[in-house]
>>> print(open('start_4.cif').read())   # mmCIF, C-alpha atoms
data_work
#
loop_
_atom_site.group_PDB
_atom_site.id
_atom_site.type_symbol
_atom_site.label_atom_id
_atom_site.label_comp_id
_atom_site.auth_asym_id
_atom_site.auth_seq_id
_atom_site.Cartn_x
_atom_site.Cartn_y
_atom_site.Cartn_z
ATOM 1 C CA GLY A 1 83.360 88.262 93.027
ATOM 2 C CA SER A 2 82.530 85.791 90.296
ATOM 3 C CA SER A 3 79.197 84.249 89.302
ATOM 4 C CA THR A 4 80.848 80.839 88.862
ATOM 5 C CA SER A 5 83.362 78.853 90.884
ATOM 6 C CA ALA A 6 86.600 77.396 89.530
ATOM 7 C CA ALA A 7 84.681 74.160 88.993
ATOM 8 C CA GLY A 8 82.063 75.965 86.918
ATOM 9 C CA SER A 9 79.238 75.783 89.468
ATOM 10 C CA SER A 10 77.104 78.775 90.382
ATOM 11 C CA THR A 11 78.193 81.026 93.250
ATOM 12 C CA VAL A 12 75.168 83.320 92.930
ATOM 13 C CA GLY A 13 73.439 82.047 96.060
ATOM 14 C CA ALA A 14 76.604 82.209 98.134
ATOM 15 C CA VAL A 15 77.386 85.737 96.948
ATOM 16 C CA GLY A 16 73.889 86.926 97.794
ATOM 17 C CA ALA A 17 73.934 85.271 101.225
ATOM 18 C CA ALA A 18 77.371 86.626 102.133
ATOM 19 C CA LEU A 19 76.542 90.189 101.125
ATOM 20 C CA SER A 20 73.030 90.312 102.567
ATOM 21 C CA ALA A 21 74.427 90.214 106.107
ATOM 22 C CA LEU A 22 76.152 93.538 105.402
ATOM 23 C CA HIS A 23 72.937 95.307 104.289
ATOM 24 C CA PRO A 24 74.812 97.214 101.580
ATOM 25 C CA ASP A 25 73.516 100.249 99.721
ATOM 26 C CA LEU A 26 75.944 99.642 96.861
ATOM 27 C CA VAL A 27 77.760 96.566 95.524
ATOM 28 C CA THR A 28 80.314 96.237 92.730
ATOM 29 C CA LEU A 29 81.044 92.879 91.116
ATOM 30 C CA ASN A 30 83.790 91.512 88.860
ATOM 31 C CA GLU A 31 83.746 88.400 86.656
ATOM 32 C CA VAL A 32 79.985 88.442 86.096
ATOM 33 C CA ASP A 33 79.111 85.873 83.426
ATOM 34 C CA VAL A 34 75.547 86.403 82.231
ATOM 35 C CA ALA A 35 75.943 83.900 79.398
ATOM 36 C CA HIS A 36 76.898 80.998 81.684
ATOM 37 C CA MET A 37 74.485 82.080 84.444
ATOM 38 C CA PRO A 38 71.527 83.959 82.920
ATOM 39 C CA GLY A 39 69.621 85.869 85.573
ATOM 40 C CA CYS A 40 72.535 85.968 88.009
ATOM 41 C CA LEU A 41 72.437 89.748 88.403
ATOM 42 C CA GLU A 42 68.683 89.753 88.873
ATOM 43 C CA SER A 43 69.044 87.077 91.591
ATOM 44 C CA VAL A 44 71.663 89.022 93.525
ATOM 45 C CA SER A 45 69.772 92.281 93.031
ATOM 46 C CA THR A 46 66.618 90.733 94.497
ATOM 47 C CA ALA A 47 68.445 89.037 97.387
ATOM 48 C CA LEU A 48 70.065 92.326 98.411
ATOM 49 C CA SER A 49 67.106 94.624 97.655
ATOM 50 C CA LEU A 50 69.311 96.635 95.309
ATOM 51 C CA PRO A 51 66.938 97.267 92.397
ATOM 52 C CA PHE A 52 69.175 99.418 90.203
ATOM 53 C CA VAL A 53 71.756 97.547 88.126
ATOM 54 C CA GLU A 54 74.349 98.539 85.533
ATOM 55 C CA PHE A 55 76.422 95.909 83.717
ATOM 56 C CA PHE A 56 79.204 96.241 81.149
ATOM 57 C CA GLY A 57 80.091 93.017 79.392
ATOM 58 C CA HIS A 58 83.457 94.009 77.977
ATOM 59 C CA VAL A 59 84.011 90.417 76.774
ATOM 60 C CA ARG A 60 81.503 89.412 74.064
ATOM 61 C CA GLY A 61 78.875 91.563 75.767
ATOM 62 C CA THR A 62 78.232 88.880 78.390
ATOM 63 C CA TYR A 63 81.218 88.843 80.791
ATOM 64 C CA GLY A 64 82.336 91.804 82.825
ATOM 65 C CA ASN A 65 81.673 94.140 85.729
ATOM 66 C CA ALA A 66 78.468 95.280 87.448
ATOM 67 C CA ILE A 67 77.202 97.878 89.904
ATOM 68 C CA LEU A 68 74.090 97.259 92.035
ATOM 69 C CA SER A 69 72.526 100.094 94.002
ATOM 70 C CA ARG A 70 69.678 100.980 96.331
ATOM 71 C CA TYR A 71 69.491 104.325 94.546
ATOM 72 C CA PRO A 72 69.031 105.109 90.839
ATOM 73 C CA LEU A 73 72.061 104.763 88.583
ATOM 74 C CA SER A 74 72.920 106.612 85.409
ATOM 75 C CA ARG A 75 75.713 105.262 83.241
ATOM 76 C CA ARG A 76 78.449 107.801 82.599
ATOM 77 C CA LYS A 77 80.691 105.632 80.437
ATOM 78 C CA ALA A 78 81.742 102.061 79.708
ATOM 79 C CA VAL A 79 85.103 101.628 78.014
ATOM 80 C CA HIS A 80 87.533 98.899 77.022
ATOM 81 C CA LEU A 81 90.815 99.685 78.732
ATOM 82 C CA GLU A 82 94.062 100.071 76.884
ATOM 83 C CA GLY A 83 96.744 97.455 77.422
ATOM 84 C CA GLY A 84 96.246 93.844 78.466
ATOM 85 C CA THR A 85 98.573 90.872 78.307
ATOM 86 C CA GLU A 86 98.836 89.209 74.889
ATOM 87 C CA PHE A 87 99.580 85.543 74.313
ATOM 88 C CA ARG A 88 99.380 83.091 71.440
ATOM 89 C CA PHE A 89 97.309 79.918 71.317
ATOM 90 C CA PRO A 90 98.838 76.872 69.615
ATOM 91 C CA ALA A 91 97.287 76.516 66.165
ATOM 92 C CA GLY A 92 94.101 74.438 66.338
ATOM 93 C CA THR A 93 93.278 75.341 69.941
ATOM 94 C CA ARG A 94 89.642 76.128 70.677
ATOM 95 C CA LYS A 95 89.634 79.671 72.068
ATOM 96 C CA PHE A 96 87.417 81.055 74.843
ATOM 97 C CA ASN A 97 84.901 82.307 72.260
ATOM 98 C CA GLY A 98 84.665 78.881 70.641
ATOM 99 C CA GLU A 99 86.649 79.758 67.538
ATOM 100 C CA ILE A 100 89.676 77.717 66.451
ATOM 101 C CA ALA A 101 93.021 79.512 66.725
ATOM 102 C CA LYS A 102 95.061 80.013 63.576
ATOM 103 C CA GLU A 103 98.838 79.791 63.446
ATOM 104 C CA ASN A 104 100.558 82.730 65.221
ATOM 105 C CA GLU A 105 97.183 84.244 66.164
ATOM 106 C CA ALA A 106 97.498 86.589 69.172
ATOM 107 C CA HIS A 107 94.898 87.024 71.901
ATOM 108 C CA ARG A 108 94.749 90.043 74.200
ATOM 109 C CA ILE A 109 93.131 89.810 77.634
ATOM 110 C CA VAL A 110 90.627 92.660 77.452
ATOM 111 C CA ARG A 111 89.611 94.595 80.556
ATOM 112 C CA GLY A 112 86.756 97.055 81.044
ATOM 113 C CA LEU A 113 85.830 100.107 83.104
ATOM 114 C CA LEU A 114 82.245 100.987 84.050
ATOM 115 C CA ILE A 115 81.521 104.426 85.546
ATOM 116 C CA THR A 116 78.087 105.427 86.855
ATOM 117 C CA ASP A 117 76.532 108.240 88.855
ATOM 118 C CA VAL A 118 74.497 107.214 91.890
ATOM 119 C CA GLU A 119 71.534 109.538 92.466
ATOM 120 C CA LEU A 120 71.642 109.974 96.237
ATOM 121 C CA PRO A 121 68.571 110.969 98.317
ATOM 122 C CA SER A 122 67.859 114.233 100.139
ATOM 123 C CA GLY A 123 69.213 116.446 97.420
ATOM 124 C CA LEU A 124 72.801 115.261 97.799
ATOM 125 C CA ARG A 125 75.083 115.526 94.788
ATOM 126 C CA PRO A 126 75.377 112.342 92.699
ATOM 127 C CA LEU A 127 78.195 110.009 93.687
ATOM 128 C CA GLY A 128 80.497 108.825 90.911
ATOM 129 C CA VAL A 129 81.218 105.091 91.229
ATOM 130 C CA ALA A 130 83.478 103.037 88.964
ATOM 131 C CA VAL A 131 84.311 99.336 88.832
ATOM 132 C CA THR A 132 87.124 97.594 87.008
ATOM 133 C CA HIS A 133 89.256 94.439 87.008
ATOM 134 C CA LEU A 134 92.868 94.851 85.914
ATOM 135 C CA ASP A 135 95.460 92.638 84.228
ATOM 136 C CA HIS A 136 96.607 89.768 86.433
ATOM 137 C CA MET A 137 99.830 88.848 84.627
ATOM 138 C CA ASP A 138 101.952 91.931 83.957
ATOM 139 C CA VAL A 139 102.541 95.050 86.048
ATOM 140 C CA ALA A 140 103.383 97.065 82.910
ATOM 141 C CA GLN A 141 99.910 96.339 81.520
ATOM 142 C CA ARG A 142 98.310 97.371 84.815
ATOM 143 C CA ARG A 143 100.173 100.676 84.667
ATOM 144 C CA THR A 144 98.794 101.283 81.173
ATOM 145 C CA GLN A 145 95.284 100.466 82.389
ATOM 146 C CA LEU A 146 95.591 102.647 85.509
ATOM 147 C CA ARG A 147 96.703 105.621 83.420
ATOM 148 C CA HIS A 148 93.712 105.070 81.141
ATOM 149 C CA ILE A 149 91.378 104.967 84.165
ATOM 150 C CA VAL A 150 92.784 108.271 85.467
ATOM 151 C CA ARG A 151 92.109 109.898 82.092
ATOM 152 C CA GLU A 152 88.566 108.542 81.937
ATOM 153 C CA ALA A 153 87.880 109.607 85.541
ATOM 154 C CA GLY A 154 88.262 113.287 84.727
ATOM 155 C CA ASP A 155 88.446 115.744 87.629
ATOM 156 C CA GLY A 156 85.292 114.910 89.561
ATOM 157 C CA ALA A 157 84.810 112.989 92.771
ATOM 158 C CA LEU A 158 84.929 109.233 92.207
ATOM 159 C CA LEU A 159 84.898 105.953 94.120
ATOM 160 C CA LEU A 160 86.874 103.307 92.204
ATOM 161 C CA MET A 161 86.275 99.685 93.181
ATOM 162 C CA GLY A 162 87.467 96.303 92.000
ATOM 163 C CA ASP A 163 90.113 93.630 91.709
ATOM 164 C CA LEU A 164 93.141 95.672 90.683
ATOM 165 C CA ASN A 165 95.513 92.679 90.844
ATOM 166 C CA ALA A 166 98.066 95.092 92.323
ATOM 167 C CA LEU A 167 100.014 94.844 95.567
ATOM 168 C CA THR A 168 100.801 97.394 98.265
ATOM 169 C CA ARG A 169 104.198 96.605 99.792
ATOM 170 C CA SER A 170 103.284 97.901 103.259
ATOM 171 C CA ASP A 171 100.561 95.220 103.512
ATOM 172 C CA TYR A 172 103.244 92.523 103.900
ATOM 173 C CA SER A 173 106.086 91.797 106.275
ATOM 174 C CA ASP A 174 109.467 91.035 104.720
ATOM 175 C CA GLY A 175 108.892 87.341 105.400
ATOM 176 C CA ALA A 176 105.439 87.368 103.826
ATOM 177 C CA TRP A 177 106.806 89.143 100.742
ATOM 178 C CA ARG A 178 109.570 86.554 100.357
ATOM 179 C CA ARG A 179 106.948 83.788 100.520
ATOM 180 C CA LEU A 180 105.004 85.489 97.732
ATOM 181 C CA GLU A 181 108.199 85.622 95.669
ATOM 182 C CA GLU A 182 108.843 81.932 96.309
ATOM 183 C CA ARG A 183 105.270 81.082 95.339
ATOM 184 C CA ALA A 184 105.649 83.005 92.089
ATOM 185 C CA ARG A 185 108.928 81.259 91.227
ATOM 186 C CA GLU A 186 107.378 77.841 91.855
ATOM 187 C CA ARG A 187 104.557 78.688 89.441
ATOM 188 C CA LYS A 188 106.792 80.470 86.903
ATOM 189 C CA TRP A 189 104.833 83.707 87.368
ATOM 190 C CA GLN A 190 106.115 87.256 87.183
ATOM 191 C CA LEU A 191 107.604 88.080 90.595
ATOM 192 C CA PRO A 192 105.339 90.186 92.806
ATOM 193 C CA GLN A 193 105.870 93.891 92.269
ATOM 194 C CA HIS A 194 104.509 97.064 93.765
ATOM 195 C CA GLY A 195 104.387 100.749 92.969
ATOM 196 C CA ASP A 196 101.845 100.739 90.137
ATOM 197 C CA LEU A 197 99.143 102.076 92.467
ATOM 198 C CA SER A 198 101.177 105.286 92.805
ATOM 199 C CA ILE A 199 99.453 106.266 89.539
ATOM 200 C CA LEU A 200 96.207 106.580 91.517
ATOM 201 C CA ARG A 201 97.906 108.400 94.386
ATOM 202 C CA ASP A 202 99.423 110.892 91.969
ATOM 203 C CA ALA A 203 95.890 111.547 90.682
ATOM 204 C CA LYS A 204 94.790 112.349 94.283
ATOM 205 C CA PHE A 205 93.010 109.061 94.943
ATOM 206 C CA GLU A 206 93.274 107.549 98.426
ATOM 207 C CA ASP A 207 93.241 103.898 99.437
ATOM 208 C CA VAL A 208 89.966 103.752 101.389
ATOM 209 C CA ALA A 209 91.098 100.974 103.754
ATOM 210 C CA VAL A 210 94.218 102.901 104.741
ATOM 211 C CA ALA A 211 92.553 106.330 104.892
ATOM 212 C CA SER A 212 89.773 105.015 107.157
ATOM 213 C CA GLY A 213 92.228 103.419 109.567
ATOM 214 C CA SER A 214 90.693 99.994 108.994
ATOM 215 C CA GLU A 215 92.748 96.848 109.395
ATOM 216 C CA VAL A 216 93.910 95.759 105.959
ATOM 217 C CA GLN A 217 92.361 92.453 104.897
ATOM 218 C CA LEU A 218 93.976 90.024 102.456
ATOM 219 C CA THR A 219 91.451 89.034 99.804
ATOM 220 C CA ALA A 220 92.830 86.337 97.467
ATOM 221 C CA PRO A 221 92.656 83.380 97.131
ATOM 222 C CA ALA A 222 89.238 83.307 98.765
ATOM 223 C CA MET A 223 89.776 80.335 101.116
ATOM 224 C CA GLU A 224 93.277 81.073 102.438
ATOM 225 C CA PRO A 225 94.092 84.609 101.284
ATOM 226 C CA LEU A 226 97.710 85.593 100.709
ATOM 227 C CA TYR A 227 97.271 88.833 98.752
ATOM 228 C CA ARG A 228 95.295 92.056 98.924
ATOM 229 C CA VAL A 229 94.221 92.712 95.333
ATOM 230 C CA ASP A 230 90.677 94.030 95.897
ATOM 231 C CA TYR A 231 90.477 97.734 96.634
ATOM 232 C CA GLY A 232 88.406 100.833 97.053
ATOM 233 C CA TRP A 233 90.072 104.110 96.050
ATOM 234 C CA ALA A 234 88.311 107.451 96.496
ATOM 235 C CA ARG A 235 88.941 110.996 95.381
ATOM 236 C CA ALA A 236 87.180 114.283 96.047
ATOM 237 C CA SER A 237 86.584 116.765 93.250
ATOM 238 C CA ARG A 238 89.789 118.397 92.047
#
>>> encode(input="start_4.cif", output="structure tokens")
Amino acid sequence: GSSTSAAGSSTVGAVGAALSALHPDLVTLNEVDVAHMPGCLESVSTALSLPFVEFFGHVRGTYGNAILSRYPLSRRKAVHLEGGTEFRFPAGTRKFNGEIAKENEAHRIVRGLLITDVELPSGLRPLGVAVTHLDHMDVAQRRTQLRHIVREAGDGALLLMGDLNALTRSDYSDGAWRRLEERARERKWQLPQHGDLSILRDAKFEDVAVASGSEVQLTAPAMEPLYRVDYGWARASR
């Protein structure tokens, strides 16, 4: 989820209200902007009674991913992922950080990975939990980022959460897939692709929704979802 809407207004209250009905023990968040909405994590933490919070602002230290927990958290690592789509601003354009772009200046869309250990009660072993948000423009960049995640994950048990911006072909009928292709052509996007998540499968991760037998839910866009891009992947110790 994001702390601001497309119009720039706060979604903090709506996020807290939507999640509170689920009584979660653990929440992971993408697109958290603590510069635009100071105190947003504290507000959600209080609303959900999840007092332990870890945040990694991989963009300027203020925009990134967060983990909120009922149980104590210890940060294992926070890394900037390899890869990321690059593009060039026209000279004179004001960039996202407020600076003015120079001629032929390239900008890379940086993504981050936050991994924590959740200290579970009753003497249970800590649970490794990671959150990330992958490239939304290029499947080749997502593959690079997924390989980096697998290396950072090591061999231990891990729950990986987040907006992976990746598609699973079996989630869609042939007709639904063709409509996604048509939508991409209309918007001059890269055509929808699949197969990049096999990098996680090869590393012995399982798609939690599929493994649990749950009905797969499309997740984006929020109002009339057409895609499943938000996932939980889990792996036992190897």
>>> residues_around(input="start_4.cif", residues="range 181-191 of chain A", least_positions_apart="5", cutoff="9 Å", atoms="all atoms listed in the file", output="compact mmCIF listing (two decimals) with C-alpha atoms, in the coordinates of the input")
# COMPACT_ATOMS: atom_id res chain seq x y z
CA MET A 137 99.83 88.85 84.63
CA ASP A 138 101.95 91.93 83.96
CA VAL A 139 102.54 95.05 86.05
CA ALA A 176 105.44 87.37 103.83
>>> resolve_selection(input="start_4.cif", expression="the PyMOL selection byres ((chain A and resi 193-199) around 10)", output="MDAnalysis selection string")
chainID A and resid 138:144 146:147 149:150 164 166:170 177 181 190:192 200:207 233
>>> resolve_selection(input="start_4.cif", expression="the PyMOL selection byres ((chain A and resi 226-229) around 8)", output="list of chain:residue names")
A:Asp163, A:Leu164, A:Asn165, A:Ala166, A:Leu167, A:Thr168, A:Asp171, A:Leu180, A:Gln217, A:Leu218, A:Thr219, A:Ala220, A:Pro221, A:Glu224, A:Pro225, A:Asp230, A:Tyr231
>>> atom_distance(input="start_4.cif", atom1="CA of Glu215 in chain A", atom2="CA of Arg125 in chain A")
29.6 Å
>>> closest_residue(input="start_4.cif", among="A:Pro90, A:Pro38, A:Gly232, A:Gly16", to="Thr132 in chain A", atoms="all atoms listed in the file")
A:Gly232
>>> resolve_selection(input="start_4.cif", expression="the PyMOL selection byres ((chain A and resi 60) around 12)", output="list in words")
Asp33, Val34, Ala35, Phe56, Gly57, His58, Val59, Gly61, Thr62, Tyr63, Gly64, His80, Phe96, Asn97, Gly98, Val110, Arg111 and Gly112 of chain A
>>> atom_distance(input="start_4.cif", atom1="CA of Leu160 in chain A", atom2="CA of Gly13 in chain A")
25.4 Å
>>> closest_residue(input="start_4.cif", among="A:Arg235, A:His36, A:His23, A:Arg94", to="Ser69 in chain A", atoms="all atoms listed in the file")
A:His23
>>> closest_residue(input="start_4.cif", among="A:Thr116, A:Asn30, A:Ser173, A:Ser237", to="Val53 in chain A", atoms="all atoms listed in the file")
A:Thr116
>>> build_atoms(input="start_4.cif", residues="range 13-32 of chain A", atoms="N, CA, C and O atoms", output="mmCIF file, keeping the file's coordinate frame")
data_model
loop_
_atom_site.group_PDB
_atom_site.id
_atom_site.type_symbol
_atom_site.label_atom_id
_atom_site.label_comp_id
_atom_site.auth_asym_id
_atom_site.auth_seq_id
_atom_site.Cartn_x
_atom_site.Cartn_y
_atom_site.Cartn_z
ATOM 1 N N GLY A 13 74.073 82.133 94.753
ATOM 2 C CA GLY A 13 73.439 82.047 96.060
ATOM 3 C C GLY A 13 74.385 82.402 97.187
ATOM 4 O O GLY A 13 74.015 83.117 98.126
ATOM 5 N N ALA A 14 75.619 81.924 97.096
ATOM 6 C CA ALA A 14 76.604 82.209 98.134
ATOM 7 C C ALA A 14 76.955 83.689 98.172
ATOM 8 O O ALA A 14 77.120 84.277 99.257
ATOM 9 N N VAL A 15 77.087 84.305 96.997
ATOM 10 C CA VAL A 15 77.386 85.737 96.948
ATOM 11 C C VAL A 15 76.257 86.534 97.598
ATOM 12 O O VAL A 15 76.483 87.428 98.425
ATOM 13 N N GLY A 16 75.031 86.222 97.226
ATOM 14 C CA GLY A 16 73.889 86.926 97.794
ATOM 15 C C GLY A 16 73.803 86.760 99.304
ATOM 16 O O GLY A 16 73.557 87.726 100.035
ATOM 17 N N ALA A 17 74.023 85.528 99.787
ATOM 18 C CA ALA A 17 73.934 85.271 101.225
ATOM 19 C C ALA A 17 75.031 85.996 101.988
ATOM 20 O O ALA A 17 74.796 86.559 103.066
ATOM 21 N N ALA A 18 76.253 85.979 101.446
ATOM 22 C CA ALA A 18 77.371 86.626 102.133
ATOM 23 C C ALA A 18 77.177 88.138 102.225
ATOM 24 O O ALA A 18 77.455 88.759 103.263
ATOM 25 N N LEU A 19 76.684 88.732 101.151
ATOM 26 C CA LEU A 19 76.542 90.189 101.125
ATOM 27 C C LEU A 19 75.310 90.671 101.877
ATOM 28 O O LEU A 19 75.304 91.795 102.400
ATOM 29 N N SER A 20 74.274 89.855 101.939
ATOM 30 C CA SER A 20 73.030 90.312 102.567
ATOM 31 C C SER A 20 73.234 90.634 104.044
ATOM 32 O O SER A 20 72.563 91.526 104.584
ATOM 33 N N ALA A 21 74.169 89.944 104.692
ATOM 34 C CA ALA A 21 74.427 90.214 106.107
ATOM 35 C C ALA A 21 75.000 91.606 106.331
ATOM 36 O O ALA A 21 74.930 92.148 107.447
ATOM 37 N N LEU A 22 75.553 92.206 105.291
ATOM 38 C CA LEU A 22 76.152 93.538 105.402
ATOM 39 C C LEU A 22 75.144 94.654 105.149
ATOM 40 O O LEU A 22 75.452 95.823 105.398
ATOM 41 N N HIS A 23 73.975 94.321 104.615
ATOM 42 C CA HIS A 23 72.937 95.307 104.289
ATOM 43 C C HIS A 23 73.511 96.459 103.464
ATOM 44 O O HIS A 23 73.380 97.636 103.827
ATOM 45 N N PRO A 24 74.136 96.159 102.343
ATOM 46 C CA PRO A 24 74.812 97.214 101.580
ATOM 47 C C PRO A 24 73.829 98.113 100.828
ATOM 48 O O PRO A 24 72.737 97.690 100.448
ATOM 49 N N ASP A 25 74.251 99.352 100.600
ATOM 50 C CA ASP A 25 73.516 100.249 99.721
ATOM 51 C C ASP A 25 74.057 100.182 98.292
ATOM 52 O O ASP A 25 73.371 100.579 97.353
ATOM 53 N N LEU A 26 75.286 99.680 98.166
ATOM 54 C CA LEU A 26 75.944 99.642 96.861
ATOM 55 C C LEU A 26 76.875 98.434 96.824
ATOM 56 O O LEU A 26 77.593 98.171 97.791
ATOM 57 N N VAL A 27 76.882 97.726 95.709
ATOM 58 C CA VAL A 27 77.760 96.566 95.524
ATOM 59 C C VAL A 27 78.367 96.655 94.129
ATOM 60 O O VAL A 27 77.670 96.963 93.164
ATOM 61 N N THR A 28 79.672 96.367 94.038
ATOM 62 C CA THR A 28 80.314 96.237 92.730
ATOM 63 C C THR A 28 80.809 94.802 92.586
ATOM 64 O O THR A 28 81.292 94.201 93.550
ATOM 65 N N LEU A 29 80.691 94.271 91.378
ATOM 66 C CA LEU A 29 81.044 92.879 91.116
ATOM 67 C C LEU A 29 81.951 92.772 89.901
ATOM 68 O O LEU A 29 81.766 93.481 88.909
ATOM 69 N N ASN A 30 82.937 91.879 89.989
ATOM 70 C CA ASN A 30 83.790 91.512 88.860
ATOM 71 C C ASN A 30 83.436 90.103 88.398
ATOM 72 O O ASN A 30 82.799 89.337 89.128
ATOM 73 N N GLU A 31 83.874 89.752 87.193
ATOM 74 C CA GLU A 31 83.746 88.400 86.656
ATOM 75 C C GLU A 31 82.298 87.921 86.619
ATOM 76 O O GLU A 31 81.990 86.769 86.929
ATOM 77 N N VAL A 32 81.402 88.804 86.238
ATOM 78 C CA VAL A 32 79.985 88.442 86.096
ATOM 79 C C VAL A 32 79.784 87.833 84.714
ATOM 80 O O VAL A 32 80.079 88.468 83.702
#
